[in-house]
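Have a look at the structure below, then the notes.
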Amino acid sequence: MAAFLRAARGLGEAARGMGRAMASAAVRERKVAVLGAAGGIGQPLALLMKMNPAVTELALYDIANMPGVAADVSHVNTRAQVKAYSGDELGDCLSGADVVVIPAGVPRKPGMTRQDLFNVNAGIVKNLVEAIAKNCPTACINMISNPVNSTVPIAAEILKRNNVYDKRKLMGVTTLDVVRAKTFYAEKMGLNVGEVDVPVVGGHAGITILPLWSQATPSAEMSKDDVEALTKRTQDGGTEVVQAKAGKGSATLSMAYAGALFADACLRGLNGAPNVIECSYVESTACDGVPFFSTKVLLGANGAEEIHPIGDINEYEKEALDAMIPELNASIESGVKFAAENK
């Protein structure tokens with residue numbers, strides 16, 4: 001992963017740098033589909049996936065503006081072949097896909113409640129997942145569309161209804177929370193961010209995002225004030241970006257980066273790389289009474305093959321974990337209810 005990051009930073013040497021970094025990935029052909037590829041997250045995500053040498057076919061879908069985005073991305077001198085799809089071409093886009101990344105939907109805007117966001121994006125996710133069930137039922141699904149705490153359960157119910165549900169293949173992308181936690185921790189503690197790891201458990205919204213500073217490496221002594229401040233900043237990272245953009249945008253670039261990191265991890269797992277471990281929001285028994293939960297997972301040929309436990313946590317983290325459970329369960333229940341009422 002470190003080599004992937006170096007290559008991603010050096011755009012001018014992307015083809016050579018990433019080729020060296022992930023030469024083993026070039027052995028197999030892999031098709032990645034990005035649904036919502038013309039959007040604020042989708043466009044930079046499409047570029048980053050074009051740079052990934054594990055990708056041989058990059059299928060880009062959106063309801064509009066797709067030919068221009070695909071033409072632009074296709075000029076990047078890497079081996080992935082880019083194809084644009086729109087409208088009723090969703091099935092063709094998905095056919096044969098190994099990994100499907102879904103950033104489709106609308107971002108949360110100022111004044112928009114989570115319920116407002118849910119009402120719009122739930123329907124979009126439902127339709128896209130129904131198409132996945134029909135056209136690439138064994139693909140690894142990387143769910144970015146918010147609210148992830150609800151859209152992943154919606155997807156699970158749709159896949160179950162179509163008799164193609166494999167809990168190992170459905171993964172909510174919480175990588176941006178990890179990226180933020182690593183960045184903020186390294187800055188505060190004066191550490192090399194490239195050597196930092198901070199597990200983030202729970203969900204992907206507000207208080208359901210719980211960075212486990214007690215498990216961070218390298219270990220550093222943190223005051224109670226630092227813990228509270230960094231936790232709050234990680235939880236409110238999206239709001240920080242929206243405010244910085246004066247309400248005219250959201251965290252599209254960092255989300256695209258995080259989405260590309262997780263998709264790359266899935267590809268490496270599919271291609272047989274050992275010890276590919278990332279945090280992800282999946283069907284899980286890691287937290288008693290919570291059917292979907294994010295912890296570290298081992299990614300392999302079958303998706304999320306092993307779900308790691310939460311591990312040892314301190315009193316602050318235990319209290320935060322207890323506090324998040326009602327909200328996380330409510331979001332999960334909203335997703336399941338939506339799927340049941342929209343058949």
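Residue numbering restarts at 1 in every chain; chains get A, B, ... in the order shown in the structure tokens, and ligands count up from 1 in that same order.
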### Task
Write down as a ChimeraX atom specification the residues belonging to stretch 66-217 of chain A that are assigned helix (DSSP H, G or I) by DSSP computed on the backbone.
/A:66-74,87-94,114-135,148-161,167-169,175-189,193-195,206-208,213-215
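Residues lying within 12 Å of A:Ala38, counting only C-alpha atoms and ignoring same-chain neighbours fewer than 6 positions away, are Pro44, Leu45, Ala46, Leu47, Ala59, Leu60, Tyr61, Asp62, Ile63, Ala64, Asn65, Met66, Pro67, Gly68, Val69, Ala70, Ala71, Asp72, Val73, Ala84, Tyr85, Ser86, Ile102, Pro103, Ala104, Gly105, Val106 and Thr252 of chain A.
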### Task
Could you please write out, as number ranges by chain, every residue of stretch 19-185 of chain A that DSSP assigns to strand (DSSP E or B)?
A: 31-35, 57-62, 81-86, 99-102, 140-143, 170-172
### Query
Nearest to A:Lys182: which of A:Leu321, A:Leu212, A:Ala122, A:Ala155 is it, counting only C-alpha atoms?
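Closest residue, counting only C-alpha atoms: A:Leu212.
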#### Entry: Selection: 9 Å around A:His308, only C-alpha atoms, excl. self and same-chain fewer than 2 positions, as a ChimeraX atom specification
/A:286,295-298,306,310-311
How about saving the chosen residues, N, CA, C and O atoms kept, as a tab-separated table (two decimals), in the first residue's frame?
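Saved the output as again_18.tsv:
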chain	number	residue	atom	x	y	z
A	286	ALA	N	-18.99	-8.56	15.78
A	286	ALA	CA	-17.93	-7.95	16.59
A	286	ALA	C	-18.48	-7.17	17.77
A	286	ALA	O	-17.84	-7.07	18.82
A	295	THR	N	-14.94	-2.98	11.78
A	295	THR	CA	-13.68	-3.26	12.45
A	295	THR	C	-12.69	-3.61	11.34
A	295	THR	O	-13.03	-3.57	10.16
A	296	LYS	N	-11.49	-3.97	11.71
A	296	LYS	CA	-10.55	-4.45	10.71
A	296	LYS	C	-11.04	-5.79	10.15
A	296	LYS	O	-11.57	-6.62	10.88
A	297	VAL	N	-10.87	-5.95	8.84
A	297	VAL	CA	-11.21	-7.21	8.19
A	297	VAL	C	-10.03	-7.66	7.33
A	297	VAL	O	-9.26	-6.83	6.82
A	298	LEU	N	-9.92	-8.96	7.17
A	298	LEU	CA	-8.90	-9.53	6.28
A	298	LEU	C	-9.54	-9.74	4.93
A	298	LEU	O	-10.54	-10.47	4.79
A	306	GLU	N	-12.22	-12.59	7.00
A	306	GLU	CA	-12.09	-12.71	8.46
A	306	GLU	C	-12.36	-11.36	9.08
A	306	GLU	O	-11.80	-10.34	8.66
A	310	ILE	N	-13.07	-6.14	18.08
A	310	ILE	CA	-12.76	-4.76	18.44
A	310	ILE	C	-11.42	-4.69	19.16
A	310	ILE	O	-10.64	-3.75	18.95
A	311	GLY	N	-11.14	-5.66	19.98
A	311	GLY	CA	-9.89	-5.68	20.73
A	311	GLY	C	-10.00	-4.94	22.05
A	311	GLY	O	-11.09	-4.48	22.45
### Query
Given the choices A:Gln81, A:Thr138, A:Gln115, A:Ser223, which gets closest to A:Lys169 if the distance is worked out from only C-alpha atoms?
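The answer is A:Thr138, which sits nearest to A:Lys169.
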### Message
Quick one: residues within 12 Å of stretch 238-246 of chain A, only C-alpha atoms, excluding same-chain residues fewer than 3 positions away - as a VMD selection string?
### Response
chain A and resid 107 to 112 146 176 to 177 180 204 to 206 209 232 to 235 249 to 255
Quick one: write out the picked residues with N, CA and C atoms as a compact mmCIF listing (two decimals), in the first residue's frame?
# COMPACT_ATOMS: atom_id res chain seq x y z
N PRO A 107 -24.43 14.31 -2.10
CA PRO A 107 -23.73 14.54 -0.83
C PRO A 107 -24.63 15.28 0.14
N ARG A 108 -24.29 15.21 1.40
CA ARG A 108 -25.04 15.96 2.40
C ARG A 108 -24.72 17.44 2.26
N LYS A 109 -25.76 18.26 2.19
CA LYS A 109 -25.60 19.70 1.99
C LYS A 109 -26.00 20.44 3.26
N PRO A 110 -25.57 21.70 3.40
CA PRO A 110 -25.95 22.46 4.59
C PRO A 110 -27.46 22.49 4.79
N GLY A 111 -27.89 22.22 6.01
CA GLY A 111 -29.31 22.21 6.30
C GLY A 111 -30.00 20.89 6.02
N MET A 112 -29.30 19.97 5.38
CA MET A 112 -29.89 18.67 5.06
C MET A 112 -29.71 17.72 6.24
N ASN A 146 -23.78 7.54 0.91
CA ASN A 146 -24.25 7.80 2.27
C ASN A 146 -25.77 7.82 2.37
N LEU A 176 -12.27 6.60 4.79
CA LEU A 176 -12.00 8.02 4.99
C LEU A 176 -11.87 8.35 6.48
N ASP A 177 -12.63 7.68 7.32
CA ASP A 177 -12.50 7.89 8.77
C ASP A 177 -11.11 7.50 9.24
N ARG A 180 -8.53 10.08 7.94
CA ARG A 180 -8.57 11.29 8.77
C ARG A 180 -7.91 11.05 10.12
N HIS A 204 -20.24 4.95 10.14
CA HIS A 204 -19.65 5.97 9.26
C HIS A 204 -20.43 7.27 9.31
N ALA A 205 -20.84 7.67 10.51
CA ALA A 205 -21.55 8.94 10.67
C ALA A 205 -21.50 9.37 12.13
N GLY A 206 -21.11 10.62 12.36
CA GLY A 206 -21.21 11.22 13.68
C GLY A 206 -20.60 10.38 14.78
N ILE A 209 -18.71 6.91 14.59
CA ILE A 209 -17.31 6.83 14.18
C ILE A 209 -16.44 6.88 15.44
N LYS A 232 -13.56 14.12 18.14
CA LYS A 232 -14.58 15.01 17.59
C LYS A 232 -14.22 15.46 16.18
N ARG A 233 -12.95 15.77 15.94
CA ARG A 233 -12.55 16.22 14.61
C ARG A 233 -12.70 15.11 13.57
N THR A 234 -12.37 13.88 13.97
CA THR A 234 -12.54 12.76 13.05
C THR A 234 -14.01 12.54 12.74
N GLN A 235 -14.84 12.61 13.75
CA GLN A 235 -16.29 12.43 13.55
C GLN A 235 -16.90 13.53 12.70
N GLY A 249 -19.58 22.59 -1.63
CA GLY A 249 -19.00 21.29 -1.95
C GLY A 249 -18.82 20.49 -0.69
N SER A 250 -18.44 19.24 -0.85
CA SER A 250 -18.22 18.36 0.29
C SER A 250 -16.88 17.65 0.13
N ALA A 251 -16.65 16.64 0.94
CA ALA A 251 -15.34 15.98 0.95
C ALA A 251 -15.24 14.98 -0.21
N THR A 252 -15.15 15.51 -1.41
CA THR A 252 -15.13 14.66 -2.59
C THR A 252 -13.74 14.10 -2.88
N LEU A 253 -12.72 14.92 -2.77
CA LEU A 253 -11.37 14.49 -3.14
C LEU A 253 -10.81 13.48 -2.14
N SER A 254 -10.94 13.79 -0.85
CA SER A 254 -10.44 12.85 0.15
C SER A 254 -11.25 11.55 0.14
N MET A 255 -12.56 11.65 -0.15
CA MET A 255 -13.38 10.44 -0.23
C MET A 255 -12.98 9.59 -1.43
Determine, counting only C-alpha atoms, which protein, DNA and RNA residues have an atom within 9 Å of an atom of A:Ser150; residues of the same chain fewer than 2 positions away are not included. Present the result as an mmCIF file with N, CA and C atoms, in the first residue's frame.
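Output (part21.cif):
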data_model
loop_
_atom_site.group_PDB
_atom_site.id
_atom_site.type_symbol
_atom_site.label_atom_id
_atom_site.label_comp_id
_atom_site.auth_asym_id
_atom_site.auth_seq_id
_atom_site.Cartn_x
_atom_site.Cartn_y
_atom_site.Cartn_z
ATOM 1 N N PHE A 118 -30.953 10.256 3.428
ATOM 2 C CA PHE A 118 -31.401 8.865 3.311
ATOM 3 C C PHE A 118 -32.498 8.730 2.260
ATOM 4 N N ALA A 122 -31.270 6.285 -0.708
ATOM 5 C CA ALA A 122 -31.728 4.908 -0.523
ATOM 6 C C ALA A 122 -32.306 4.344 -1.815
ATOM 7 N N ASN A 146 -23.781 7.536 0.905
ATOM 8 C CA ASN A 146 -24.247 7.798 2.267
ATOM 9 C C ASN A 146 -25.769 7.823 2.368
ATOM 10 N N PRO A 147 -26.317 7.536 3.549
ATOM 11 C CA PRO A 147 -25.616 7.158 4.787
ATOM 12 C C PRO A 147 -25.231 5.684 4.785
ATOM 13 N N VAL A 148 -23.938 5.410 4.816
ATOM 14 C CA VAL A 148 -23.423 4.044 4.732
ATOM 15 C C VAL A 148 -24.023 3.154 5.822
ATOM 16 N N VAL A 152 -25.712 0.075 3.391
ATOM 17 C CA VAL A 152 -25.198 -1.298 3.396
ATOM 18 C C VAL A 152 -26.292 -2.290 3.802
ATOM 19 N N PRO A 153 -27.055 -2.044 4.870
ATOM 20 C CA PRO A 153 -28.182 -2.938 5.172
ATOM 21 C C PRO A 153 -29.222 -2.996 4.051
ATOM 22 N N ILE A 154 -29.473 -1.869 3.379
ATOM 23 C CA ILE A 154 -30.388 -1.905 2.232
ATOM 24 C C ILE A 154 -29.864 -2.861 1.178
ATOM 25 N N ALA A 155 -28.589 -2.722 0.850
ATOM 26 C CA ALA A 155 -27.987 -3.584 -0.166
ATOM 27 C C ALA A 155 -28.076 -5.048 0.243
ATOM 28 N N LEU A 328 -26.590 3.663 15.840
ATOM 29 C CA LEU A 328 -26.189 2.763 14.768
ATOM 30 C C LEU A 328 -27.283 1.754 14.474
ATOM 31 N N ALA A 330 -30.451 2.131 14.983
ATOM 32 C CA ALA A 330 -31.577 2.834 14.366
ATOM 33 C C ALA A 330 -31.336 3.031 12.867
ATOM 34 N N SER A 331 -30.111 3.342 12.511
ATOM 35 C CA SER A 331 -29.778 3.519 11.094
ATOM 36 C C SER A 331 -29.893 2.206 10.336
ATOM 37 N N ILE A 332 -29.442 1.127 10.952
ATOM 38 C CA ILE A 332 -29.545 -0.195 10.330
ATOM 39 C C ILE A 332 -31.014 -0.566 10.130
ATOM 40 N N GLU A 333 -31.804 -0.334 11.158
ATOM 41 C CA GLU A 333 -33.233 -0.652 11.080
ATOM 42 C C GLU A 333 -33.936 0.176 9.999
ATOM 43 N N SER A 334 -33.512 1.425 9.835
ATOM 44 C CA SER A 334 -34.091 2.263 8.777
ATOM 45 C C SER A 334 -33.816 1.671 7.406
ATOM 46 N N GLY A 335 -32.585 1.168 7.222
ATOM 47 C CA GLY A 335 -32.247 0.547 5.945
ATOM 48 C C GLY A 335 -33.052 -0.704 5.680
ATOM 49 N N VAL A 336 -33.158 -1.569 6.683
ATOM 50 C CA VAL A 336 -33.918 -2.803 6.524
ATOM 51 C C VAL A 336 -35.391 -2.491 6.251
#
